[in-house]
file protein15.txt (compact mmCIF, C-alpha atoms and all ligand atoms)
# COMPACT_ATOMS: atom_id res chain seq x y z
CA MET A 25 -11.23 -18.89 13.04
CA LYS A 26 -11.01 -18.54 9.27
CA VAL A 27 -11.46 -15.05 7.88
CA LEU A 28 -11.98 -14.36 4.20
CA GLY A 29 -10.51 -11.07 2.98
CA ILE A 30 -11.81 -9.13 -0.02
CA GLU A 31 -9.92 -6.19 -1.55
CA SER A 32 -11.26 -4.10 -4.45
CA SER A 33 -10.40 -0.48 -3.64
CA CYS A 34 -8.60 0.31 -6.88
CA ASP A 35 -7.20 -1.77 -9.72
CA GLU A 36 -6.38 -5.03 -7.94
CA THR A 37 -8.90 -7.67 -6.99
CA GLY A 38 -7.61 -9.57 -3.98
CA VAL A 39 -9.07 -12.54 -2.13
CA ALA A 40 -7.45 -14.41 0.77
CA LEU A 41 -8.24 -16.84 3.54
CA TYR A 42 -6.49 -16.27 6.88
CA ASP A 43 -6.69 -18.68 9.79
CA THR A 44 -6.03 -17.16 13.23
CA GLY A 45 -4.38 -20.41 14.28
CA ARG A 46 -2.52 -21.49 11.16
CA GLY A 47 -1.85 -18.24 9.33
CA LEU A 48 -2.44 -17.47 5.67
CA LEU A 49 -4.09 -20.47 3.98
CA GLY A 50 -4.36 -19.03 0.50
CA HIS A 51 -4.40 -15.75 -1.37
CA ALA A 52 -4.76 -14.61 -4.95
CA VAL A 53 -4.61 -11.23 -6.66
CA HIS A 54 -5.72 -10.21 -10.11
CA THR A 55 -4.19 -6.97 -11.32
CA GLN A 56 -5.97 -4.86 -13.93
CA VAL A 57 -2.79 -3.09 -15.02
CA ALA A 58 -2.94 -4.41 -18.58
CA MET A 59 -6.54 -3.27 -18.92
CA HIS A 60 -5.86 0.32 -17.84
CA GLU A 61 -2.51 0.63 -19.56
CA ALA A 62 -3.95 1.96 -22.82
CA TYR A 63 -5.56 4.87 -20.92
CA GLY A 64 -2.43 5.81 -18.95
CA GLY A 65 -4.27 5.46 -15.64
CA VAL A 66 -7.08 3.69 -13.83
CA VAL A 67 -10.53 4.08 -15.45
CA PRO A 68 -12.94 3.75 -12.50
CA GLU A 69 -15.89 2.29 -14.41
CA LEU A 70 -13.73 -0.36 -16.06
CA ALA A 71 -12.18 -1.17 -12.69
CA SER A 72 -15.58 -1.78 -11.08
CA ARG A 73 -16.77 -4.02 -13.90
CA ASP A 74 -13.61 -6.07 -13.83
CA HIS A 75 -13.83 -6.63 -10.06
CA ILE A 76 -17.28 -8.16 -10.68
CA ARG A 77 -15.81 -10.57 -13.22
CA ARG A 78 -12.85 -11.61 -11.04
CA LEU A 79 -14.23 -12.09 -7.55
CA ILE A 80 -15.92 -15.47 -7.86
CA PRO A 81 -13.08 -17.18 -9.79
CA LEU A 82 -10.55 -15.80 -7.29
CA LEU A 83 -12.66 -17.02 -4.37
CA GLU A 84 -12.88 -20.50 -5.90
CA ARG A 85 -9.13 -20.58 -6.44
CA VAL A 86 -8.28 -19.45 -2.91
CA LEU A 87 -10.65 -21.97 -1.35
CA ALA A 88 -9.23 -24.76 -3.51
CA ASP A 89 -5.62 -23.81 -2.64
CA ALA A 90 -6.56 -23.72 1.04
CA GLY A 91 -8.35 -27.06 0.81
CA CYS A 92 -11.49 -25.43 2.20
CA THR A 93 -15.09 -24.85 1.16
CA ARG A 94 -17.33 -21.81 1.64
CA ARG A 95 -18.77 -23.47 4.74
CA ASP A 96 -15.37 -23.23 6.44
CA ILE A 97 -15.47 -19.41 6.36
CA ASP A 98 -16.16 -17.96 9.82
CA ALA A 99 -16.15 -14.25 8.94
CA ILE A 100 -15.62 -11.98 5.95
CA ALA A 101 -13.53 -8.80 6.03
CA TYR A 102 -13.66 -6.39 3.12
CA THR A 103 -12.11 -3.05 2.20
CA ALA A 104 -14.74 -0.37 2.85
CA GLY A 105 -12.47 2.59 2.02
CA PRO A 106 -10.64 4.67 1.09
CA GLY A 107 -10.63 4.08 -2.65
CA LEU A 108 -12.77 4.35 -5.79
CA ALA A 109 -16.45 4.38 -4.79
CA GLY A 110 -17.67 2.00 -7.49
CA ALA A 111 -14.79 -0.41 -7.05
CA LEU A 112 -15.28 -0.47 -3.27
CA LEU A 113 -19.01 -1.10 -3.70
CA VAL A 114 -18.34 -4.23 -5.76
CA GLY A 115 -16.21 -5.80 -3.04
CA ALA A 116 -18.50 -4.59 -0.25
CA SER A 117 -21.69 -5.94 -1.80
CA PHE A 118 -19.99 -9.22 -2.71
CA ALA A 119 -18.70 -9.64 0.84
CA GLU A 120 -21.96 -8.62 2.50
CA ALA A 121 -24.02 -10.89 0.23
CA LEU A 122 -21.74 -13.88 0.79
CA ALA A 123 -21.74 -13.24 4.54
CA MET A 124 -25.52 -13.14 4.52
CA ALA A 125 -25.74 -16.39 2.56
CA LEU A 126 -23.28 -18.14 4.89
CA ASP A 127 -24.70 -16.46 7.99
CA VAL A 128 -21.32 -15.23 9.18
CA PRO A 129 -20.28 -11.69 10.24
CA ALA A 130 -19.07 -9.18 7.62
CA LEU A 131 -16.49 -6.67 8.78
CA PRO A 132 -15.63 -3.43 6.93
CA VAL A 133 -11.87 -2.78 6.99
CA HIS A 134 -9.80 0.36 6.39
CA HIS A 135 -7.49 -0.22 3.41
CA LEU A 136 -4.58 1.65 4.97
CA GLU A 137 -4.89 -0.22 8.24
CA GLY A 138 -4.56 -3.33 6.09
CA HIS A 139 -1.33 -2.04 4.52
CA LEU A 140 -0.06 -0.95 7.93
CA LEU A 141 -0.56 -4.34 9.56
CA SER A 142 0.70 -6.38 6.60
CA PRO A 143 4.27 -6.73 8.02
CA LEU A 144 2.71 -8.56 10.98
CA LEU A 145 1.84 -11.40 8.59
CA ALA A 146 5.53 -12.25 8.31
CA ASP A 147 7.07 -14.99 10.49
CA ASP A 148 9.41 -12.41 11.92
CA ALA A 149 6.77 -9.86 12.98
CA PRO A 150 7.67 -6.55 14.66
CA PRO A 151 6.72 -6.05 18.31
CA PHE A 152 4.46 -3.13 19.34
CA PRO A 153 4.98 -0.20 19.61
CA PHE A 154 6.60 0.80 16.32
CA ILE A 155 6.85 3.63 13.82
CA ALA A 156 5.18 2.89 10.49
CA LEU A 157 6.10 4.43 7.18
CA LEU A 158 3.17 4.03 4.82
CA VAL A 159 4.28 4.71 1.26
CA SER A 160 1.69 3.84 -1.35
CA GLY A 161 0.13 5.22 -4.51
CA GLY A 162 -2.19 7.51 -2.58
CA HIS A 163 -0.48 8.06 0.77
CA THR A 164 2.83 8.96 2.40
CA GLN A 165 2.47 8.94 6.15
CA LEU A 166 4.50 8.36 9.28
CA MET A 167 2.55 6.86 12.12
CA ARG A 168 3.11 5.74 15.67
CA VAL A 169 1.42 2.40 16.24
CA THR A 170 0.93 1.26 19.83
CA ARG A 171 -1.44 -1.63 19.12
CA VAL A 172 -3.94 -2.80 16.51
CA GLY A 173 -6.34 0.11 16.12
CA ALA A 174 -4.18 2.82 17.74
CA TYR A 175 -2.58 4.93 15.03
CA GLU A 176 -1.19 8.39 15.67
CA LEU A 177 -0.41 10.38 12.55
CA LEU A 178 3.00 12.06 12.94
CA GLY A 179 3.37 13.55 9.49
CA GLU A 180 2.31 13.11 5.88
CA SER A 181 2.76 14.44 2.38
CA LEU A 182 1.35 17.89 1.83
CA ASP A 183 0.84 17.15 -1.87
CA ASP A 184 1.68 14.07 -4.00
CA ALA A 185 2.19 10.68 -2.38
CA ALA A 186 5.58 9.03 -2.96
CA GLY A 187 4.05 6.40 -5.27
CA GLU A 188 2.15 9.07 -7.16
CA ALA A 189 5.40 11.00 -7.64
CA PHE A 190 7.08 7.85 -8.96
CA ASP A 191 4.16 7.23 -11.34
CA LYS A 192 3.91 10.81 -12.62
CA THR A 193 7.67 11.13 -13.08
CA ALA A 194 7.73 7.83 -14.94
CA LYS A 195 5.01 9.13 -17.25
CA LEU A 196 7.09 12.27 -17.89
CA LEU A 197 10.01 10.08 -18.91
CA GLY A 198 7.75 8.08 -21.22
CA LEU A 199 7.81 4.92 -19.13
CA GLY A 200 4.10 4.14 -19.33
CA TYR A 201 1.76 3.01 -16.60
CA PRO A 202 2.12 2.15 -13.76
CA GLY A 203 5.47 3.83 -13.74
CA GLY A 204 6.86 3.24 -10.25
CA PRO A 205 8.48 -0.15 -10.82
CA ALA A 206 9.62 0.86 -14.34
CA LEU A 207 11.25 4.01 -13.02
CA ALA A 208 13.00 2.04 -10.27
CA LYS A 209 14.30 -0.39 -12.88
CA LEU A 210 15.60 2.42 -15.10
CA ALA A 211 17.23 4.06 -12.05
CA GLU A 212 19.36 0.97 -11.50
CA ARG A 213 21.12 1.62 -14.80
CA GLY A 214 21.74 5.30 -14.06
CA THR A 215 24.03 7.31 -11.81
CA ALA A 216 22.59 9.66 -9.23
CA GLY A 217 24.22 13.07 -8.90
CA ARG A 218 24.75 13.76 -12.60
CA PHE A 219 21.51 15.69 -12.48
CA LYS A 220 20.83 17.68 -9.33
CA LEU A 221 17.35 17.49 -7.86
CA PRO A 222 16.15 19.06 -4.59
CA ARG A 223 15.51 17.06 -1.40
CA PRO A 224 12.11 18.59 -0.60
CA MET A 225 11.51 19.43 3.08
CA LEU A 226 14.55 17.47 4.21
CA ASN A 227 15.35 20.16 6.77
CA SER A 228 11.82 21.36 7.46
CA GLY A 229 12.10 20.35 11.10
CA ASP A 230 8.87 18.36 11.01
CA LEU A 231 7.71 15.03 9.62
CA SER A 232 5.88 16.44 6.59
CA PHE A 233 6.75 15.54 3.03
CA SER A 234 6.29 17.20 -0.35
CA PHE A 235 6.97 15.46 -3.64
CA SER A 236 5.16 17.45 -6.31
CA GLY A 237 8.04 19.92 -6.78
CA LEU A 238 10.37 17.05 -7.54
CA LYS A 239 8.21 15.98 -10.44
CA THR A 240 8.29 19.55 -11.78
CA ALA A 241 12.08 19.62 -11.42
CA VAL A 242 12.28 16.43 -13.49
CA LEU A 243 10.02 17.99 -16.10
CA THR A 244 12.25 21.06 -16.28
CA ALA A 245 15.36 18.91 -16.71
CA ALA A 246 13.66 16.79 -19.35
CA ARG A 247 12.50 19.87 -21.28
CA ALA A 248 15.89 21.57 -21.23
CA LYS A 249 17.23 19.17 -23.86
CA GLU A 250 16.51 15.94 -25.68
CA LEU A 251 17.61 13.26 -23.21
CA THR A 252 19.58 10.20 -24.30
CA GLU A 253 18.63 6.84 -22.81
CA SER A 254 21.53 6.96 -20.39
CA GLU A 255 20.66 10.51 -19.32
CA LYS A 256 17.11 9.36 -18.68
CA ALA A 257 18.50 6.64 -16.45
CA ASP A 258 20.65 9.19 -14.61
CA LEU A 259 17.64 11.42 -14.06
CA ALA A 260 15.60 8.45 -12.81
CA ALA A 261 18.42 7.51 -10.43
CA GLU A 262 18.64 11.04 -9.05
CA PHE A 263 14.86 11.17 -8.60
CA GLN A 264 14.91 7.88 -6.72
CA GLU A 265 17.83 9.13 -4.56
CA ALA A 266 15.92 12.30 -3.69
CA VAL A 267 12.70 10.52 -2.71
CA THR A 268 14.36 7.75 -0.75
CA GLU A 269 16.76 10.11 1.05
CA VAL A 270 13.89 12.20 2.42
CA LEU A 271 11.80 9.13 3.31
CA ALA A 272 14.69 7.49 5.16
CA ALA A 273 15.77 10.64 7.00
CA LYS A 274 12.29 11.43 8.30
CA SER A 275 11.59 7.82 9.27
CA VAL A 276 14.72 7.80 11.42
CA THR A 277 13.79 11.17 12.95
CA ALA A 278 10.36 9.78 13.86
CA CYS A 279 11.96 6.75 15.53
CA ARG A 280 14.40 8.92 17.49
CA GLN A 281 11.76 11.39 18.59
CA HIS A 282 9.59 8.58 19.94
CA ARG A 283 12.52 6.48 21.19
CA LEU A 284 11.43 3.50 19.15
CA SER A 285 13.78 1.09 17.42
CA SER A 286 11.32 -0.74 15.14
CA LEU A 287 10.29 0.75 11.83
CA VAL A 288 7.59 -0.91 9.76
CA VAL A 289 7.29 -0.14 6.06
CA ALA A 290 4.09 -0.78 4.14
CA GLY A 291 2.56 0.12 0.78
CA GLY A 292 3.70 -0.33 -2.81
CA VAL A 293 6.77 1.94 -2.66
CA GLY A 294 8.01 -0.31 0.15
CA ALA A 295 8.96 -2.71 -2.66
CA ASN A 296 11.59 -0.23 -3.85
CA ARG A 297 15.04 -1.74 -3.38
CA ARG A 298 16.92 1.52 -2.94
CA LEU A 299 14.44 2.63 -0.29
CA ARG A 300 14.91 -0.66 1.59
CA GLN A 301 18.69 -0.33 1.41
CA ARG A 302 18.65 3.23 2.73
CA LEU A 303 16.18 2.46 5.51
CA ASP A 304 18.15 -0.60 6.61
CA GLU A 305 21.39 1.41 6.75
CA ALA A 306 19.87 4.41 8.49
CA MET A 307 18.05 2.31 11.11
CA ALA A 308 21.11 0.15 11.77
CA LYS A 309 23.03 3.34 12.61
CA ILE A 310 20.65 4.08 15.48
CA GLY A 311 20.58 0.45 16.60
CA GLY A 312 17.13 -0.12 15.11
CA ARG A 313 15.56 -2.45 12.60
CA VAL A 314 13.19 -2.31 9.67
CA PHE A 315 10.34 -4.76 9.12
CA TYR A 316 8.79 -5.27 5.69
CA PRO A 317 5.85 -7.24 4.41
CA ALA A 318 6.63 -10.01 1.91
CA LEU A 319 7.23 -8.37 -1.49
CA GLU A 320 3.99 -9.68 -2.96
CA LEU A 321 2.06 -8.17 -0.03
CA CYS A 322 3.45 -4.65 -0.51
CA THR A 323 0.87 -3.69 -3.11
CA ASP A 324 -2.88 -4.23 -2.77
CA ASN A 325 -3.98 -7.72 -1.75
CA GLY A 326 -6.69 -9.59 0.12
CA ALA A 327 -4.33 -11.11 2.69
CA MET A 328 -3.80 -7.84 4.53
CA ILE A 329 -7.56 -7.27 4.64
CA ALA A 330 -8.27 -10.77 5.96
CA PHE A 331 -5.51 -10.36 8.56
CA CYS A 332 -6.72 -6.92 9.63
CA GLY A 333 -10.30 -8.17 9.98
CA ALA A 334 -9.09 -11.18 11.99
CA GLN A 335 -7.15 -8.94 14.41
CA ARG A 336 -10.21 -6.79 14.99
CA LEU A 337 -12.45 -9.81 15.55
CA LEU A 338 -9.88 -11.22 18.00
CA GLN A 339 -10.05 -7.93 19.88
CA GLY A 340 -13.74 -8.58 20.34
CA GLU A 341 -14.99 -6.21 17.72
CA VAL A 342 -18.42 -7.13 16.38
CA PRO A 343 -19.83 -5.71 13.15
CA VAL A 344 -22.48 -3.13 14.06
CA ALA A 345 -24.28 -2.55 10.79
CA ALA A 346 -27.56 -4.38 10.30
CA ARG A 347 -27.59 -6.93 7.49
CA GLY A 348 -27.85 -5.14 4.16
CA ALA A 349 -27.14 -1.72 5.69
CA PHE A 350 -23.54 -1.17 4.63
CA ALA A 351 -21.72 1.74 3.09
CA VAL A 352 -18.31 2.42 1.60
CA ARG A 353 -16.13 5.45 2.39
CA PRO A 354 -14.13 6.65 -0.64
CA ARG A 355 -12.45 9.25 1.62
CA TRP A 356 -11.60 8.00 5.08
CA PRO A 357 -8.64 9.38 7.07
CA LEU A 358 -7.01 6.64 9.12
CA ASP A 359 -7.04 8.72 12.30
CA GLN A 360 -10.86 8.79 12.07
CA LEU A 361 -10.88 5.04 12.62
CA SER A 362 -12.76 4.18 15.79
P1 LIG A 401 -3.38 3.53 -1.48
O1 LIG A 401 -3.05 2.27 -0.76
O2 LIG A 401 -2.75 4.75 -0.89
O3 LIG A 401 -4.83 3.67 -1.75
P2 LIG A 401 -2.48 2.13 -3.83
O4 LIG A 401 -3.25 1.00 -3.26
O5 LIG A 401 -2.70 2.48 -5.25
O6 LIG A 401 -2.69 3.44 -2.94
P3 LIG A 401 -0.22 0.46 -3.48
O7 LIG A 401 -0.90 -0.63 -4.22
O8 LIG A 401 0.13 0.21 -2.07
O9 LIG A 401 -0.95 1.85 -3.62
O10 LIG A 401 1.13 0.80 -4.24
C1 LIG A 401 1.16 1.17 -5.60
C2 LIG A 401 2.21 2.23 -5.76
O11 LIG A 401 3.49 1.70 -5.46
C3 LIG A 401 2.27 2.78 -7.16
O12 LIG A 401 2.35 4.18 -7.11
C4 LIG A 401 3.56 2.17 -7.72
O13 LIG A 401 4.16 2.94 -8.69
C5 LIG A 401 4.40 2.09 -6.47
N1 LIG A 401 5.49 1.10 -6.57
C6 LIG A 401 5.38 -0.23 -6.69
N2 LIG A 401 6.60 -0.81 -6.79
C7 LIG A 401 7.51 0.21 -6.72
C8 LIG A 401 8.94 0.28 -6.76
N3 LIG A 401 9.70 -0.81 -6.89
N4 LIG A 401 9.51 1.50 -6.66
C9 LIG A 401 8.75 2.61 -6.51
N5 LIG A 401 7.41 2.61 -6.48
C10 LIG A 401 6.79 1.43 -6.59
MG MG A 402 -2.94 -0.74 -7.58
FE FE A 403 -3.19 0.27 -1.38

call {"tool": "encode", "arguments": {"input": "protein15.txt", "output": "structure tokens", "more": "lines below"}}
Ligand code: ATP
Ligand code: MG
Ligand code: FE
result
Amino acid sequence: MKVLGIESSCDETGVALYDTGRGLLGHAVHTQVAMHEAYGGVVPELASRDHIRRLIPLLERVLADAGCTRRDIDAIAYTAGPGLAGALLVGASFAEALAMALDVPALPVHHLEGHLLSPLLADDAPPFPFIALLVSGGHTQLMRVTRVGAYELLGESLDDAAGEAFDKTAKLLGLGYPGGPALAKLAERGTAGRFKLPRPMLNSGDLSFSFSGLKTAVLTAARAKELTESEKADLAAEFQEAVTEVLAAKSVTACRQHRLSSLVVAGGVGANRRLRQRLDEAMAKIGGRVFYPALELCTDNGAMIAFCGAQRLLQGEVPVAARGAFAVRPRWPLDQLS
């Protein structure tokens, strides 16, 4: 069965074709970063319009790479939420219209479930059950995953998501948009510990996170004096140490509490090298292991949506909505997934 995946929840347009027998046949992503850069953040209306422009060319490219035609598509999965309403609607109406034209089922998919299952696309996939650390631009959550569709939320950020904290802190340091990767790069040239930042909620005794105070602490340090380039790098390094230390500690606690030795990491911040290093070390200490998606599948993409839709179809799920009667859900907690 060949499932087409469509992702358009924010500022990446992703299209992919996944075959339940042969794996990923093709995938392509167009990122709108350059377009939104001048505004310092995503402009929803521009995002929606750009998704419209990109979808058909991306579909053509993926089909060509896969050596397939539209007639080979057996089902279409698309991100129905959470995300920007207008952006989601573009992908949803494109997917539903194409599904209608091809007379194949269209399946709405939860964006975070896509991220969460993306490590299963790797050759070396983790076995169920596992603990998942979802660290993206909008979410920081620890979950217990027993099978596809069974997600128990163990803890999450009470304020900013880890990626959001990276982005906002990067902006404070004048690193532009999107700041996460730029901040991580700057951190590599700095030395942690020269500035002292808090480790928020490290000893809170639960699996909750809080990152907004860290951003304020960086602001305070940056306002105290004019920072040299090397001081900026030191501050970035300390910030990265603080975030990754808390993420690693709580992930290990979650694994211990649930007696699980597999940790899965998904979402854009999962691309962070220091985070990977810390998680690998911390999990090795308790005889566990960390599973990551391929680097290119950490941030938003169509492959994870196609894969997620395929898993649900394999489980016997059939789309319930009548043709043409679809909706998107800009806000959609993962634990409300049926
Ligand atoms: P959500 O999935 O919660 O709706 P999103 O789709 O915007 O949010 P992703 O695409 O999964 O999030 O990830 C983007 C985030 O990852 C951004 O905040 C970005 O700064 C961050 N990020 C990407 N690479 C790195 C890195 N190397 N270090 C730290 N953060 C990173
Ligand atoms: Mg994005
Ligand atoms: Fe995402």

call {"tool": "residues_near_ligand", "arguments": {"input": "protein15.txt", "ligand": "ligand LIG 401 (chain A)", "cutoff": "6 Å", "atoms": "all atoms listed in the file", "output": "list in words"}}
result
Gly107, Leu136, Ser160, Gly161, Gly162, His163, Gly187, Glu188, Phe190, Asp191, Pro202, Gly203, Gly204, Pro205, Ala208, Gly291, Gly292, Val293, Ala295, Asn296, Thr323 and Asp324 of chain A

call {"tool": "closest_residue", "arguments": {"input": "protein15.txt", "among": "A:Leu231, A:Ala149, A:Leu221, A:Ile76", "to": "A:Phe315", "atoms": "only C-alpha atoms"}}
result
A:Ala149

call {"tool": "residues_near_ligand", "arguments": {"input": "protein15.txt", "ligand": "ligand MG 402 (chain A)", "cutoff": "6 Å", "atoms": "all atoms listed in the file", "output": "compact mmCIF listing (two decimals) with C-alpha atoms, in the frame of the given file"}}
result
# COMPACT_ATOMS: atom_id res chain seq x y z
CA CYS A 34 -8.60 0.31 -6.88
CA ASP A 35 -7.20 -1.77 -9.72
CA GLU A 36 -6.38 -5.03 -7.94
CA ASP A 324 -2.88 -4.23 -2.77

call {"tool": "closest_atom_pairs", "arguments": {"input": "protein15.txt", "of": "stretch 149-243 of chain A", "to": "stretch 334-350 of chain A", "cutoff": "12 Å", "atoms": "all atoms listed in the file", "output": "tab-separated table"}}
result
residue	atom	partner	partner_atom	distance
A:Arg171	CA	A:Gln335	CA	10.4
A:Val172	CA	A:Gln335	CA	7.2
A:Gly173	CA	A:Arg336	CA	8.0
A:Ala174	CA	A:Arg336	CA	11.7

call {"tool": "residues_around", "arguments": {"input": "protein15.txt", "residues": "stretch 267-269 of chain A", "least_positions_apart": "5", "cutoff": "10 Å", "atoms": "all atoms listed in the file", "output": "PyMOL selection string"}}
result
chain A and resi 186-187+189-190+221-224+226+233-235+238+262+274-275+293+296-303+306

call {"tool": "closest_residue", "arguments": {"input": "protein15.txt", "among": "A:Ala261, A:Leu70, A:Leu140, A:Leu251", "to": "ligand FE 403 (chain A)", "atoms": "all atoms listed in the file"}}
result
A:Leu140

call {"tool": "residues_near_point", "arguments": {"input": "protein15.txt", "point": "(5.2, 17.9, 6.8)", "cutoff": "9 Å", "atoms": "all atoms listed in the file", "output": "PyMOL selection string"}}
result
chain A and resi 178-182+225+228-234

call {"tool": "write_last_selection", "arguments": {"input": "protein15.txt", "atoms": "C-alpha atoms", "output": "PDB file, in the frame of the given file"}}
result
ATOM      1  CA  LEU A 178       3.000  12.060  12.940  1.00  0.00           C
ATOM      2  CA  GLY A 179       3.370  13.550   9.490  1.00  0.00           C
ATOM      3  CA  GLU A 180       2.310  13.110   5.880  1.00  0.00           C
ATOM      4  CA  SER A 181       2.760  14.440   2.380  1.00  0.00           C
ATOM      5  CA  LEU A 182       1.350  17.890   1.830  1.00  0.00           C
ATOM      6  CA  MET A 225      11.510  19.430   3.080  1.00  0.00           C
ATOM      7  CA  SER A 228      11.820  21.360   7.460  1.00  0.00           C
ATOM      8  CA  GLY A 229      12.100  20.350  11.100  1.00  0.00           C
ATOM      9  CA  ASP A 230       8.870  18.360  11.010  1.00  0.00           C
ATOM     10  CA  LEU A 231       7.710  15.030   9.620  1.00  0.00           C
ATOM     11  CA  SER A 232       5.880  16.440   6.590  1.00  0.00           C
ATOM     12  CA  PHE A 233       6.750  15.540   3.030  1.00  0.00           C
ATOM     13  CA  SER A 234       6.290  17.200  -0.350  1.00  0.00           C
TER      14      SER A 234
END

call {"tool": "atom_distance", "arguments": {"input": "protein15.txt", "atom1": "atom CA of A:Gly294", "atom2": "atom CA of A:Gly115"}}
result
25.0 Å

call {"tool": "residues_around", "arguments": {"input": "protein15.txt", "residues": "A:Ala351", "least_positions_apart": "2", "cutoff": "8 Å", "atoms": "only C-alpha atoms", "output": "list in words"}}
result
Ala104, Leu113, Ala116, Ala349 and Arg353 of chain A

call {"tool": "residues_near_point", "arguments": {"input": "protein15.txt", "point": "(-15.2, -0.8, 5.1)", "cutoff": "6 Å", "atoms": "all atoms listed in the file", "output": "PyMOL selection string"}}
result
chain A and resi 103-105+132-134+352

call {"tool": "atom_distance", "arguments": {"input": "protein15.txt", "atom1": "atom CA of A:Gly64", "atom2": "atom CA of A:Gly198"}}
result
10.7 Å

call {"tool": "closest_residue", "arguments": {"input": "protein15.txt", "among": "A:Ala257, A:Leu108, A:Val270, A:Leu87", "to": "ligand FE 403 (chain A)", "atoms": "only C-alpha atoms and all ligand atoms"}}
result
A:Leu108

call {"tool": "closest_residue", "arguments": {"input": "protein15.txt", "among": "A:Val86, A:Val67, A:Leu158, A:Ala109", "to": "A:Ser142", "atoms": "all atoms listed in the file"}}
result
A:Leu158
